[in-house]
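Written out below as structure tokens is the structure these notes cover.
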Amino acid sequence: MFPLNVPNVLTVIRILLVPVLVAALLVETPRGATIAAIVFALAAFTDGLDGYIARSRQSITTFGKVMDPIADKLLIASALISLVSLNRVDAWVAMVIIAREFAVSGLRIAAGAQGAVIPASFLGKVKTVSQVAAVLALIAAGDPNAAWVQALVYVSVVITVVSGIDYFLNVRKRIEEVRRDVTAAARERLTANENHSQ
């Protein structure tokens, strides 16, 4: 059972809102787009809120570290896939964004396995905001092909790609730093053992 605190409850709520969002988008109902926009905005709001509460109350848990990014990716991926099926966004846009998210997840796991922790970067936060803005516009706009909507989408794609490259470079740098630290610590222990034996 996961630790029952406010940030974790918000994360679970965000996950539970994913099928609601998909249903609102794909099932033909009166004001479906409006409902979907409200659900997506609410879910996106919980993303920022749970992180803020976790940090301010020092209630960061392993469950939150694992499930929070998964919840974010489920939300964005499900929204984009639904929007592709509705012909409101090109498939390649969804593919680029979703591929970046899963690639970063893989990098995070690989880095963690080597003891490297990569904190959220400014670019990563800008990426999240741009994706939320683009998806919300695609859901709520009467015309998804409007210039301002397409501008948001392309800006989001560019920031997504750039932030992915930045994350990769940061992971590589951090792993190299961890390896150097481990090597230096091993040498210090070896020197200390040699001095002790003398």
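Chain labels A, B, ... are given in the sequence in which chains occur in the structure tokens; within each chain residues are numbered consecutively from 1, and ligands are likewise numbered from 1 in the order shown.
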
Q. Neighbours of range 163-173 of chain A within 8 Å (only C-alpha atoms; same-chain residues fewer than 4 positions away dropped), as a VMD selection string?
A. chain A and resid 100 104 107 to 108 111 116 118 123 to 124 127 159 177

Q: May I have the residues within 12 Å of Val132 in chain A as number ranges by chain, using only C-alpha atoms and disregarding those fewer than 6 positions away in the same chain?
A: A: 37, 40-45, 47-48, 72-73, 75-77, 79-80, 97, 125-126, 138-140, 152-153, 155-157, 160

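The smallest atom-to-atom distance between Pro144 in chain A and any of A:Val161, A:Val89, A:Val129, A:Ile98, using only C-alpha atoms, is found for A:Val89.
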
Q. So how far away is CA of Arg57 in chain A from CA of Ile70 in chain A, in Å?
A. 21.8 Å

**Q.** Nearest to Arg179 in chain A, chosen from A:Gln131, A:Gln114, A:Gln58, A:Thr11, with only C-alpha atoms counted in the distances
**A.**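 Closest residue, counting only C-alpha atoms: A:Gln114.
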
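Considering only C-alpha atoms, the residue among A:Ala94, A:Leu136, A:Ala113, A:Leu74 positioned nearest to Leu16 in chain A is A:Leu74.
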
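Interatomic distance, CA of Ala71 in chain A against CA of Arg14 in chain A: 6.4 Å.
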
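Between CA of Ser121 in chain A and CA of Asp50 in chain A the interatomic distance comes to 17.5 Å.
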
Q | Leu21 in chain A environment, 7 Å, only C-alpha atoms, sequence neighbours closer than 4 positions dropped, as a list of chain:residue names | A |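 Near neighbours after the sequence-gap exclusion: A:Leu17, A:Leu25, A:Ala36, A:Val39, A:Phe40.
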
Please dump the current selection as a PDB file, in the first residue's frame; keep N, CA, C and O atoms.
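After the write, part_21.pdb holds the following:
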```
ATOM      1  N   LEU A  17      -8.202  10.203 -13.670  1.00  0.00           N
ATOM      2  CA  LEU A  17      -8.829  11.147 -14.598  1.00  0.00           C
ATOM      3  C   LEU A  17      -8.512  10.834 -16.066  1.00  0.00           C
ATOM      4  O   LEU A  17      -9.200  11.320 -16.964  1.00  0.00           O
ATOM      5  N   LEU A  25     -13.362  12.790 -24.668  1.00  0.00           N
ATOM      6  CA  LEU A  25     -12.897  13.144 -26.010  1.00  0.00           C
ATOM      7  C   LEU A  25     -13.532  12.274 -27.090  1.00  0.00           C
ATOM      8  O   LEU A  25     -13.925  12.774 -28.153  1.00  0.00           O
ATOM      9  N   ALA A  36     -13.843  17.600 -21.563  1.00  0.00           N
ATOM     10  CA  ALA A  36     -12.484  17.094 -21.713  1.00  0.00           C
ATOM     11  C   ALA A  36     -11.462  18.164 -21.345  1.00  0.00           C
ATOM     12  O   ALA A  36     -10.453  17.875 -20.684  1.00  0.00           O
ATOM     13  N   VAL A  39     -11.419  18.530 -17.548  1.00  0.00           N
ATOM     14  CA  VAL A  39     -10.760  17.369 -16.928  1.00  0.00           C
ATOM     15  C   VAL A  39      -9.249  17.442 -17.123  1.00  0.00           C
ATOM     16  O   VAL A  39      -8.475  17.221 -16.183  1.00  0.00           O
ATOM     17  N   PHE A  40      -8.827  17.775 -18.345  1.00  0.00           N
ATOM     18  CA  PHE A  40      -7.392  17.859 -18.631  1.00  0.00           C
ATOM     19  C   PHE A  40      -6.744  18.986 -17.818  1.00  0.00           C
ATOM     20  O   PHE A  40      -5.664  18.800 -17.248  1.00  0.00           O
TER      21      PHE A  40
END
```

Q. Hey, what does DSSP flag as helix (DSSP H, G or I) within range 90-180 of chain A? Can you give it to me as a PyMOL selection string?
A. chain A and resi 91-113+122-140+147-180
